[in-house]
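Shown here: structure13.pdb, PDB, C-alpha atoms and all ligand atoms.
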```
ATOM      1  CA  GLN A  19     224.311 -29.445 196.755
ATOM      2  CA  GLU A  20     226.899 -26.993 195.441
ATOM      3  CA  TYR A  21     227.865 -27.460 191.807
ATOM      4  CA  THR A  22     230.312 -25.592 189.649
ATOM      5  CA  GLY A  23     228.498 -24.356 186.552
ATOM      6  CA  VAL A  24     231.041 -24.643 183.753
ATOM      7  CA  LYS A  25     230.503 -22.552 180.626
ATOM      8  CA  ILE A  26     231.028 -24.637 177.517
ATOM      9  CA  LYS A  27     231.054 -22.256 174.583
ATOM     10  CA  VAL A  28     229.299 -23.123 171.357
ATOM     11  CA  ILE A  29     231.553 -22.647 168.332
ATOM     12  CA  GLU A  30     229.190 -23.942 165.659
ATOM     13  CA  TRP A  31     225.683 -25.381 165.735
ATOM     14  CA  PRO A  32     224.473 -28.297 163.655
ATOM     15  CA  ALA A  33     221.731 -27.443 161.126
ATOM     16  CA  ALA A  34     218.868 -28.576 163.380
ATOM     17  CA  ALA A  35     219.745 -26.227 166.242
ATOM     18  CA  GLN A  36     220.617 -23.407 163.856
ATOM     19  CA  GLU A  37     217.119 -23.654 162.372
ATOM     20  CA  VAL A  38     215.520 -23.355 165.798
ATOM     21  CA  LEU A  39     217.598 -20.268 166.574
ATOM     22  CA  ASP A  40     216.870 -18.713 163.190
ATOM     23  CA  ARG A  41     213.151 -19.208 163.748
ATOM     24  CA  ALA A  42     213.482 -17.562 167.160
ATOM     25  CA  GLY A  43     215.124 -14.591 165.422
ATOM     26  CA  PHE A  44     218.357 -15.046 167.351
ATOM     27  CA  LYS A  45     221.396 -13.367 165.756
ATOM     28  CA  ALA A  46     224.640 -14.910 166.987
ATOM     29  CA  GLU A  47     226.976 -12.090 165.966
ATOM     30  CA  GLY A  48     228.875 -10.614 168.895
ATOM     31  CA  LYS A  49     227.221 -13.001 171.325
ATOM     32  CA  THR A  50     228.539 -15.879 173.402
ATOM     33  CA  VAL A  51     226.312 -18.920 173.872
ATOM     34  CA  SER A  52     227.358 -21.504 176.474
ATOM     35  CA  LEU A  53     226.015 -24.835 177.568
ATOM     36  CA  ILE A  54     226.158 -24.822 181.363
ATOM     37  CA  ALA A  55     227.426 -28.130 182.736
ATOM     38  CA  ALA A  56     226.902 -28.760 186.453
ATOM     39  CA  THR A  57     229.894 -30.561 187.927
ATOM     40  CA  LEU A  58     231.100 -31.720 191.339
ATOM     41  CA  ARG A  59     234.587 -32.304 189.924
ATOM     42  CA  PRO A  60     236.055 -29.010 188.682
ATOM     43  CA  GLU A  61     239.589 -30.409 189.078
ATOM     44  CA  THR A  62     238.884 -32.915 186.282
ATOM     45  CA  MET A  63     238.029 -30.315 183.622
ATOM     46  CA  TYR A  64     241.390 -30.883 181.894
ATOM     47  CA  GLY A  65     240.017 -34.250 180.763
ATOM     48  CA  GLN A  66     236.771 -33.168 179.101
ATOM     49  CA  THR A  67     236.287 -35.093 175.846
ATOM     50  CA  CYS A  68     232.707 -34.088 174.990
ATOM     51  CA  CYS A  69     229.587 -32.611 176.588
ATOM     52  CA  PHE A  70     226.393 -34.599 177.060
ATOM     53  CA  VAL A  71     222.810 -33.481 176.653
ATOM     54  CA  SER A  72     219.717 -35.645 176.853
ATOM     55  CA  PRO A  73     218.052 -36.184 173.466
ATOM     56  CA  SER A  74     214.700 -36.252 175.261
ATOM     57  CA  ILE A  75     215.010 -33.012 177.258
ATOM     58  CA  THR A  76     214.070 -29.627 175.795
ATOM     59  CA  TYR A  77     216.539 -27.030 177.003
ATOM     60  CA  GLY A  78     216.135 -23.289 177.219
ATOM     61  CA  MET A  79     218.511 -20.639 175.971
ATOM     62  CA  TYR A  80     218.436 -17.765 178.457
ATOM     63  CA  GLU A  81     219.670 -14.204 178.105
ATOM     64  CA  ILE A  82     222.164 -13.336 180.838
ATOM     65  CA  SER A  83     223.207 -10.077 179.164
ATOM     66  CA  PRO A  84     222.803  -8.802 175.594
ATOM     67  CA  GLU A  85     226.144 -10.493 174.841
ATOM     68  CA  GLU A  86     225.832 -13.677 176.882
ATOM     69  CA  TYR A  87     223.400 -16.627 176.740
ATOM     70  CA  TYR A  88     223.176 -19.821 178.831
ATOM     71  CA  ILE A  89     221.666 -23.163 177.872
ATOM     72  CA  CYS A  90     220.226 -25.378 180.634
ATOM     73  CA  THR A  91     216.908 -26.828 181.819
ATOM     74  CA  SER A  92     214.143 -24.387 182.744
ATOM     75  CA  ARG A  93     214.309 -25.753 186.267
ATOM     76  CA  ALA A  94     217.987 -24.816 186.557
ATOM     77  CA  ALA A  95     217.370 -21.386 185.011
ATOM     78  CA  LYS A  96     214.706 -20.743 187.644
ATOM     79  CA  ASN A  97     217.142 -21.737 190.399
ATOM     80  CA  MET A  98     219.836 -19.512 188.868
ATOM     81  CA  SER A  99     217.451 -16.581 188.846
ATOM     82  CA  PHE A 100     217.409 -16.697 192.654
ATOM     83  CA  GLN A 101     221.213 -16.872 192.852
ATOM     84  CA  LYS A 102     222.068 -13.548 191.193
ATOM     85  CA  ILE A 103     223.097 -15.326 187.988
ATOM     86  CA  THR A 104     220.347 -13.770 185.846
ATOM     87  CA  PRO A 105     219.954  -9.961 185.753
ATOM     88  CA  VAL A 106     216.518  -9.838 187.422
ATOM     89  CA  ARG A 107     215.739 -11.812 190.582
ATOM     90  CA  GLY A 108     213.225 -14.597 189.935
ATOM     91  CA  GLU A 109     213.337 -14.072 186.181
ATOM     92  CA  ALA A 110     215.180 -15.946 183.443
ATOM     93  CA  LYS A 111     214.577 -14.538 179.969
ATOM     94  CA  LEU A 112     213.924 -17.402 177.575
ATOM     95  CA  VAL A 113     215.189 -16.704 174.058
ATOM     96  CA  ALA A 114     214.663 -20.106 172.416
ATOM     97  CA  GLU A 115     213.738 -23.679 173.239
ATOM     98  CA  LEU A 116     216.258 -26.217 172.009
ATOM     99  CA  PRO A 117     215.431 -29.918 172.017
ATOM    100  CA  GLY A 118     218.538 -31.795 173.150
ATOM    101  CA  SER A 119     218.426 -33.857 169.951
ATOM    102  CA  THR A 120     218.983 -30.712 167.842
ATOM    103  CA  MET A 121     222.249 -29.920 169.626
ATOM    104  CA  ILE A 122     223.992 -33.258 169.027
ATOM    105  CA  GLY A 123     227.196 -32.717 167.055
ATOM    106  CA  ALA A 124     227.621 -29.045 167.987
ATOM    107  CA  ARG A 125     231.258 -27.969 168.022
ATOM    108  CA  ILE A 126     232.140 -26.598 171.427
ATOM    109  CA  HIS A 127     235.016 -25.310 173.516
ATOM    110  CA  ALA A 128     235.299 -26.726 177.039
ATOM    111  CA  PRO A 129     237.473 -24.598 179.363
ATOM    112  CA  LEU A 130     240.769 -26.207 180.500
ATOM    113  CA  SER A 131     240.269 -29.288 178.334
ATOM    114  CA  VAL A 132     243.418 -30.517 176.612
ATOM    115  CA  TYR A 133     241.185 -30.952 173.560
ATOM    116  CA  PRO A 134     240.630 -27.413 172.202
ATOM    117  CA  GLU A 135     237.427 -28.457 170.490
ATOM    118  CA  VAL A 136     234.969 -31.221 171.365
ATOM    119  CA  ARG A 137     231.372 -32.157 170.482
ATOM    120  CA  VAL A 138     227.953 -32.330 172.073
ATOM    121  CA  LEU A 139     226.874 -35.970 172.353
ATOM    122  CA  PRO A 140     223.738 -37.744 173.611
ATOM    123  CA  MET A 141     223.419 -39.315 177.078
ATOM    124  CA  ASP A 142     220.151 -41.111 177.772
ATOM    125  CA  THR A 143     220.687 -41.376 181.525
ATOM    126  CA  ILE A 144     220.707 -37.616 182.221
ATOM    127  CA  LEU A 145     218.101 -36.649 184.797
ATOM    128  CA  ALA A 146     216.135 -33.464 184.063
ATOM    129  CA  SER A 147     215.664 -33.087 187.815
ATOM    130  CA  LYS A 148     219.341 -32.682 188.671
ATOM    131  CA  GLY A 149     221.936 -30.005 187.988
ATOM    132  CA  THR A 150     221.458 -28.178 184.693
ATOM    133  CA  GLY A 151     220.617 -31.237 182.556
ATOM    134  CA  VAL A 152     223.969 -30.681 180.825
ATOM    135  CA  VAL A 153     226.819 -33.020 181.813
ATOM    136  CA  THR A 154     230.404 -32.509 180.801
ATOM    137  CA  SER A 155     232.155 -35.770 180.018
ATOM    138  CA  VAL A 156     235.351 -36.815 181.758
ATOM    139  CA  PRO A 157     235.814 -40.488 180.847
ATOM    140  CA  SER A 158     239.094 -40.752 182.810
ATOM    141  CA  ASP A 159     237.358 -40.121 186.140
ATOM    142  CA  SER A 160     233.635 -40.659 185.691
ATOM    143  CA  PRO A 161     232.516 -44.274 185.173
ATOM    144  CA  ASP A 162     229.162 -43.092 183.754
ATOM    145  CA  ASP A 163     230.957 -40.969 181.184
ATOM    146  CA  TYR A 164     233.379 -43.710 180.201
ATOM    147  CA  ALA A 165     230.575 -46.274 179.844
ATOM    148  CA  THR A 166     228.619 -43.784 177.723
ATOM    149  CA  VAL A 167     231.412 -42.878 175.299
ATOM    150  CA  VAL A 168     232.277 -46.565 174.826
ATOM    151  CA  GLU A 169     228.618 -47.246 173.987
ATOM    152  CA  LEU A 170     228.411 -44.245 171.651
ATOM    153  CA  ALA A 171     231.566 -45.228 169.762
ATOM    154  CA  LYS A 172     230.330 -48.831 169.465
ATOM    155  CA  LYS A 173     226.919 -47.824 168.077
ATOM    156  CA  ALA A 174     227.697 -44.490 166.444
ATOM    157  CA  ASP A 175     225.231 -45.010 163.569
ATOM    158  CA  PHE A 176     222.418 -45.919 165.918
ATOM    159  CA  TYR A 177     223.037 -42.739 167.917
ATOM    160  CA  GLY A 178     223.349 -40.624 164.763
ATOM    161  CA  ILE A 179     226.867 -39.429 165.485
ATOM    162  CA  GLU A 180     230.325 -39.732 163.948
ATOM    163  CA  LYS A 181     232.346 -42.413 165.690
ATOM    164  CA  GLU A 182     235.352 -40.072 166.023
ATOM    165  CA  TRP A 183     233.325 -37.649 168.143
ATOM    166  CA  ALA A 184     233.102 -40.287 170.877
ATOM    167  CA  SER A 185     236.593 -41.681 170.398
ATOM    168  CA  LEU A 186     238.843 -39.066 172.018
ATOM    169  CA  GLU A 187     241.240 -40.806 174.408
ATOM    170  CA  PRO A 188     240.621 -40.380 178.153
ATOM    171  CA  ILE A 189     243.344 -38.105 179.591
ATOM    172  CA  PRO A 190     245.163 -38.920 182.861
ATOM    173  CA  ILE A 191     244.190 -36.185 185.346
ATOM    174  CA  ILE A 192     244.565 -37.786 188.758
ATOM    175  CA  THR A 193     246.566 -40.728 190.023
ATOM    176  CA  THR A 194     245.602 -42.872 193.015
ATOM    177  CA  PRO A 195     247.399 -45.835 194.608
ATOM    178  CA  ASN A 196     244.417 -48.142 194.029
ATOM    179  CA  TYR A 197     243.382 -47.347 190.477
ATOM    180  CA  GLY A 198     246.277 -45.628 188.717
ATOM    181  CA  ASP A 199     245.690 -42.653 186.483
ATOM    182  CA  LEU A 200     242.480 -43.648 184.681
ATOM    183  CA  THR A 201     240.237 -44.438 187.634
ATOM    184  CA  ALA A 202     236.977 -44.673 185.700
ATOM    185  CA  VAL A 203     238.431 -46.983 183.063
ATOM    186  CA  ALA A 204     239.813 -49.266 185.802
ATOM    187  CA  LEU A 205     236.497 -49.332 187.689
ATOM    188  CA  VAL A 206     234.385 -50.035 184.609
ATOM    189  CA  LYS A 207     236.646 -53.058 183.978
ATOM    190  CA  GLU A 208     236.646 -54.178 187.615
ATOM    191  CA  PHE A 209     232.833 -54.060 187.850
ATOM    192  CA  LYS A 210     232.460 -55.592 184.364
ATOM    193  CA  ILE A 211     230.181 -52.723 183.340
ATOM    194  CA  GLN A 212     228.866 -53.378 179.819
ATOM    195  CA  SER A 213     226.618 -50.381 179.194
ATOM    196  CA  PRO A 214     225.439 -47.044 180.610
ATOM    197  CA  LYS A 215     222.332 -48.935 181.752
ATOM    198  CA  ASP A 216     224.229 -51.022 184.335
ATOM    199  CA  LYS A 217     222.837 -48.698 186.978
ATOM    200  CA  ASP A 218     223.751 -50.470 190.214
ATOM    201  CA  ALA A 219     227.325 -51.232 189.237
ATOM    202  CA  LEU A 220     227.773 -47.678 187.926
ATOM    203  CA  ALA A 221     226.442 -46.207 191.158
ATOM    204  CA  LYS A 222     228.965 -48.263 193.146
ATOM    205  CA  ALA A 223     231.797 -47.383 190.784
ATOM    206  CA  LYS A 224     230.923 -43.680 191.022
ATOM    207  CA  GLU A 225     230.955 -43.770 194.811
ATOM    208  CA  ILE A 226     234.399 -45.395 194.849
ATOM    209  CA  ALA A 227     235.724 -43.034 192.180
ATOM    210  CA  TYR A 228     234.652 -39.967 194.182
ATOM    211  CA  LYS A 229     236.189 -41.179 197.439
ATOM    212  CA  ASP A 230     239.365 -42.600 195.987
ATOM    213  CA  ALA A 231     240.198 -39.430 194.029
ATOM    214  CA  PHE A 232     239.275 -37.045 196.824
ATOM    215  CA  TYR A 233     241.127 -38.767 199.664
ATOM    216  CA  GLN A 234     244.002 -40.455 197.841
ATOM    217  CA  GLY A 235     244.345 -38.679 194.525
ATOM    218  CA  THR A 236     247.175 -36.500 193.274
ATOM    219  CA  MET A 237     246.929 -34.232 190.241
ATOM    220  CA  VAL A 238     249.108 -35.309 187.297
ATOM    221  CA  ILE A 239     248.194 -32.404 184.990
ATOM    222  CA  GLY A 240     247.731 -28.653 184.999
ATOM    223  CA  LYS A 241     248.742 -25.812 187.253
ATOM    224  CA  TYR A 242     248.391 -27.909 190.426
ATOM    225  CA  LYS A 243     250.225 -30.984 189.158
ATOM    226  CA  GLY A 244     251.706 -32.866 192.134
ATOM    227  CA  GLU A 245     249.171 -31.453 194.624
ATOM    228  CA  LYS A 246     246.544 -33.469 196.473
ATOM    229  CA  VAL A 247     243.091 -33.460 194.861
ATOM    230  CA  GLU A 248     241.597 -32.454 198.201
ATOM    231  CA  ILE A 249     243.547 -29.176 197.938
ATOM    232  CA  ALA A 250     243.649 -28.688 194.171
ATOM    233  CA  LYS A 251     239.877 -29.095 193.714
ATOM    234  CA  ASN A 252     238.964 -25.675 195.081
ATOM    235  CA  LYS A 253     241.953 -23.992 193.499
ATOM    236  CA  VAL A 254     240.889 -25.149 190.032
ATOM    237  CA  LYS A 255     237.310 -24.116 190.791
ATOM    238  CA  ASP A 256     238.429 -20.652 191.930
ATOM    239  CA  ASP A 257     240.597 -20.241 188.825
ATOM    240  CA  LEU A 258     237.670 -21.162 186.551
ATOM    241  CA  ILE A 259     235.478 -18.627 188.313
ATOM    242  CA  ALA A 260     238.179 -15.930 188.210
ATOM    243  CA  SER A 261     238.660 -16.415 184.462
ATOM    244  CA  GLY A 262     234.907 -16.090 183.885
ATOM    245  CA  ASP A 263     234.610 -19.708 182.745
ATOM    246  CA  ALA A 264     232.425 -20.893 185.629
ATOM    247  CA  PHE A 265     230.179 -19.871 188.524
ATOM    248  CA  VAL A 266     228.800 -21.460 191.657
ATOM    249  CA  TYR A 267     225.369 -23.033 191.156
ATOM    250  CA  ASN A 268     223.445 -24.287 194.162
ATOM    251  CA  GLU A 269     220.711 -26.854 194.084
ATOM    252  CA  PRO A 270     218.039 -26.325 196.738
ATOM    253  CA  GLU A 271     218.586 -29.016 199.354
ATOM    254  CA  GLY A 272     214.989 -30.213 199.859
ATOM    255  CA  LEU A 273     214.379 -30.687 196.173
ATOM    256  CA  VAL A 274     217.486 -32.799 195.722
ATOM    257  CA  MET A 275     216.451 -35.085 198.575
ATOM    258  CA  SER A 276     212.886 -35.580 197.390
ATOM    259  CA  ARG A 277     214.048 -36.291 193.863
ATOM    260  CA  SER A 278     216.743 -38.798 194.620
ATOM    261  CA  GLY A 279     214.510 -40.608 197.125
TER
HETATM  262  C1  LIG B   1     232.145 -33.881 185.582
HETATM  263  C2  LIG B   1     232.599 -35.062 186.326
HETATM  264  C3  LIG B   1     233.850 -35.650 186.319
HETATM  265  C4  LIG B   1     231.593 -35.589 187.139
HETATM  266  C5  LIG B   1     234.052 -36.767 187.119
HETATM  267  C6  LIG B   1     231.763 -36.702 187.942
HETATM  268  C7  LIG B   1     233.012 -37.314 187.929
HETATM  269  P1  LIG B   1     225.941 -36.928 191.698
HETATM  270  O1  LIG B   1     227.238 -37.506 192.121
HETATM  271  O2  LIG B   1     224.903 -37.967 191.447
HETATM  272  O3  LIG B   1     225.436 -35.787 192.553
HETATM  273  N1  LIG B   1     225.674 -34.999 186.495
HETATM  274  C8  LIG B   1     225.349 -33.704 186.713
HETATM  275  N2  LIG B   1     224.067 -33.471 186.435
HETATM  276  C9  LIG B   1     223.548 -34.642 186.034
HETATM  277  C10 LIG B   1     222.253 -35.036 185.587
HETATM  278  N3  LIG B   1     221.250 -34.168 185.501
HETATM  279  N4  LIG B   1     222.065 -36.331 185.262
HETATM  280  C11 LIG B   1     223.092 -37.215 185.333
HETATM  281  N5  LIG B   1     224.321 -36.891 185.721
HETATM  282  C12 LIG B   1     224.561 -35.633 186.073
HETATM  283  O4  LIG B   1     226.172 -36.292 190.261
HETATM  284  C13 LIG B   1     227.033 -35.240 190.012
HETATM  285  C14 LIG B   1     227.843 -35.599 188.802
HETATM  286  O5  LIG B   1     227.008 -36.311 187.881
HETATM  287  C15 LIG B   1     228.347 -34.368 188.108
HETATM  288  O6  LIG B   1     229.788 -34.230 188.214
HETATM  289  C16 LIG B   1     228.113 -34.697 186.651
HETATM  290  O7  LIG B   1     229.304 -35.332 186.252
HETATM  291  C17 LIG B   1     226.978 -35.663 186.643
HETATM  292  F1  LIG B   1     235.230 -37.338 187.123
HETATM  293  O8  LIG B   1     230.899 -33.580 186.199
HETATM  294  B1  LIG B   1     230.365 -34.722 186.990
HETATM  295  C18 LIG B   1     232.959 -40.270 190.145
HETATM  296  C19 LIG B   1     232.307 -39.118 189.401
HETATM  297  N6  LIG B   1     233.311 -38.425 188.676
END
```
Any chance you could give the structure as structure tokens?
Ligand code: ZZB
Amino acid sequence: QEYTGVKIKVIEWPAAAQEVLDRAGFKAEGKTVSLIAATLRPETMYGQTCCFVSPSITYGMYEISPEEYYICTSRAAKNMSFQKITPVRGEAKLVAELPGSTMIGARIHAPLSVYPEVRVLPMDTILASKGTGVVTSVPSDSPDDYATVVELAKKADFYGIEKEWASLEPIPIITTPNYGDLTAVALVKEFKIQSPKDKDALAKAKEIAYKDAFYQGTMVIGKYKGEKVEIAKNKVKDDLIASGDAFVYNEPEGLVMSRSG
């Protein structure tokens, strides 16, 4: 599986994460720290409204250069080390271990998003065995993301977040003849999805959302507005890579198969 690894820059940490980094002796001055979100939908990055981490996964912060640090699962860092992403083949230099729970509420900058600043929020359904364990949220086009932000906004206190962090409006990115310009919102309604735990319905909705956007979607935002998604997808990906905001991240085939059954 080929993902685009999108660099989501940390602007300010919440106290809990800051403490962990202080204890590790990490000095942030002059350094860029990014959460690395693995996505199959680079063309939707305009609509990022937050970035999800799992509260029950411990992430690693890895040194890519003295000025640049990536946050992802140790499994992903290992994979990256064999893809010329880390400086030494087979090695990923761990600087600190950050429990996902400590990062909730971080202020971040997601490249291309119409929202200049968004937050890190919790997603319980993230699999540690897939991608980087970091998921960027595009509620307009991902049913899982839309179901999750609705849940978070509804039970903000329970999740220990501010309601406003989960309340940014989904942004129209792609229009399709079947679902209009907020595909995920339409599908969550159609399948009567009530929560991020409605696994089967969400899996079906995701499948439809992928196909519908790819084969019938047209961009309604950004540099490739008016172009077919099929064409625009790789152009947006290439632009993100050229600007230094993303890189290609491959997931070893066999592992993906054995994990997803
Ligand atoms: C942004 C995005 C926008 C995504 C969209 C999807 C959609 P898949 O299809 O099962 O291979 N993802 C990535 N890693 C994880 C993880 N560890 N646990 C749970 N979800 C994860 O999954 C790939 C997609 O699932 C990725 O692409 C990511 O969300 C999420 F409009 O990134 B995506 C119809 C889907 N639309």
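Here atom CA of Leu205 of chain A and atom CA of Ala264 of chain A stand 28.8 Å from one another.
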Run the PyMOL selection byres (((chain A and resi 207) around 12) and not hetatm) mentally over the shown coordinates, then write out the matched residues as a list in words, using the chain letters and numbers from the document.
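Matching residues under the PyMOL selection byres (((chain A and resi 207) around 12) and not hetatm) are Pro161, Tyr164, Ala165, Tyr197, Leu200, Thr201, Ala202, Val203, Ala204, Leu205, Val206, Glu208, Phe209, Lys210, Ile211, Gln212, Ser213, Ala219, Leu220 and Ala223 of chain A.
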Carefully work through the PyMOL selection byres (((not hetatm)) within 6 of (chain B and resi 1)) for this structure and note down the residues it includes, as a list in words.
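Matching residues under the PyMOL selection byres (((not hetatm)) within 6 of (chain B and resi 1)) are Ala56, Thr57, Leu58, Arg59, Thr62, Ile144, Leu145, Ala146, Lys148, Gly149, Gly151, Val153, Thr154, Ser155, Val156, Asp159, Ser160, Lys224, Ala227 and Tyr228 of chain A.
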Taking C-alpha atoms for each residue, export the selection above as a PDB file, in the coordinates of the input.
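Listing of part-v1.pdb after writing:
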```pdb
ATOM      1  CA  ALA A  56     226.902 -28.760 186.453  1.00  0.00           C
ATOM      2  CA  THR A  57     229.894 -30.561 187.927  1.00  0.00           C
ATOM      3  CA  LEU A  58     231.100 -31.720 191.339  1.00  0.00           C
ATOM      4  CA  ARG A  59     234.587 -32.304 189.924  1.00  0.00           C
ATOM      5  CA  THR A  62     238.884 -32.915 186.282  1.00  0.00           C
ATOM      6  CA  ILE A 144     220.707 -37.616 182.221  1.00  0.00           C
ATOM      7  CA  LEU A 145     218.101 -36.649 184.797  1.00  0.00           C
ATOM      8  CA  ALA A 146     216.135 -33.464 184.063  1.00  0.00           C
ATOM      9  CA  LYS A 148     219.341 -32.682 188.671  1.00  0.00           C
ATOM     10  CA  GLY A 149     221.936 -30.005 187.988  1.00  0.00           C
ATOM     11  CA  GLY A 151     220.617 -31.237 182.556  1.00  0.00           C
ATOM     12  CA  VAL A 153     226.819 -33.020 181.813  1.00  0.00           C
ATOM     13  CA  THR A 154     230.404 -32.509 180.801  1.00  0.00           C
ATOM     14  CA  SER A 155     232.155 -35.770 180.018  1.00  0.00           C
ATOM     15  CA  VAL A 156     235.351 -36.815 181.758  1.00  0.00           C
ATOM     16  CA  ASP A 159     237.358 -40.121 186.140  1.00  0.00           C
ATOM     17  CA  SER A 160     233.635 -40.659 185.691  1.00  0.00           C
ATOM     18  CA  LYS A 224     230.923 -43.680 191.022  1.00  0.00           C
ATOM     19  CA  ALA A 227     235.724 -43.034 192.180  1.00  0.00           C
ATOM     20  CA  TYR A 228     234.652 -39.967 194.182  1.00  0.00           C
TER      21      TYR A 228
END
```
What would the selection look like, as number ranges by chain, if the PyMOL selection byres (((chain A and resi 92) around 12) and not hetatm) were run on the coordinates I just shared?
A: 75-80, 88-91, 93-99, 109-116, 146-152
Could you dump the residues just selected with C-alpha atoms as a compact mmCIF listing (two decimals), in the coordinates of the input?
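Listed below is the output, out.txt:
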```
# COMPACT_ATOMS: atom_id res chain seq x y z
CA ILE A 75 215.01 -33.01 177.26
CA THR A 76 214.07 -29.63 175.80
CA TYR A 77 216.54 -27.03 177.00
CA GLY A 78 216.14 -23.29 177.22
CA MET A 79 218.51 -20.64 175.97
CA TYR A 80 218.44 -17.76 178.46
CA TYR A 88 223.18 -19.82 178.83
CA ILE A 89 221.67 -23.16 177.87
CA CYS A 90 220.23 -25.38 180.63
CA THR A 91 216.91 -26.83 181.82
CA ARG A 93 214.31 -25.75 186.27
CA ALA A 94 217.99 -24.82 186.56
CA ALA A 95 217.37 -21.39 185.01
CA LYS A 96 214.71 -20.74 187.64
CA ASN A 97 217.14 -21.74 190.40
CA MET A 98 219.84 -19.51 188.87
CA SER A 99 217.45 -16.58 188.85
CA GLU A 109 213.34 -14.07 186.18
CA ALA A 110 215.18 -15.95 183.44
CA LYS A 111 214.58 -14.54 179.97
CA LEU A 112 213.92 -17.40 177.58
CA VAL A 113 215.19 -16.70 174.06
CA ALA A 114 214.66 -20.11 172.42
CA GLU A 115 213.74 -23.68 173.24
CA LEU A 116 216.26 -26.22 172.01
CA ALA A 146 216.14 -33.46 184.06
CA SER A 147 215.66 -33.09 187.82
CA LYS A 148 219.34 -32.68 188.67
CA GLY A 149 221.94 -30.00 187.99
CA THR A 150 221.46 -28.18 184.69
CA GLY A 151 220.62 -31.24 182.56
CA VAL A 152 223.97 -30.68 180.82
```
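With all atoms listed in the file as the atoms that count, the residue of A:Gly48, A:Pro73, A:Pro157, A:Pro188 with the shortest distance to Thr120 of chain A is A:Pro73.
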Protein and nucleic acid residues near (228.9, -21.7, 164.8) (cut-off 12 Å, only C-alpha atoms) as a list in words:
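Final list of nearby residues, as requested, is Lys27, Val28, Ile29, Glu30, Trp31, Pro32, Ala33, Ala35, Gln36, Leu39, Lys45, Ala46, Glu47, Gly48, Lys49, Thr50, Val51, Ser52, Met121, Gly123, Ala124, Arg125, Ile126 and His127 of chain A.
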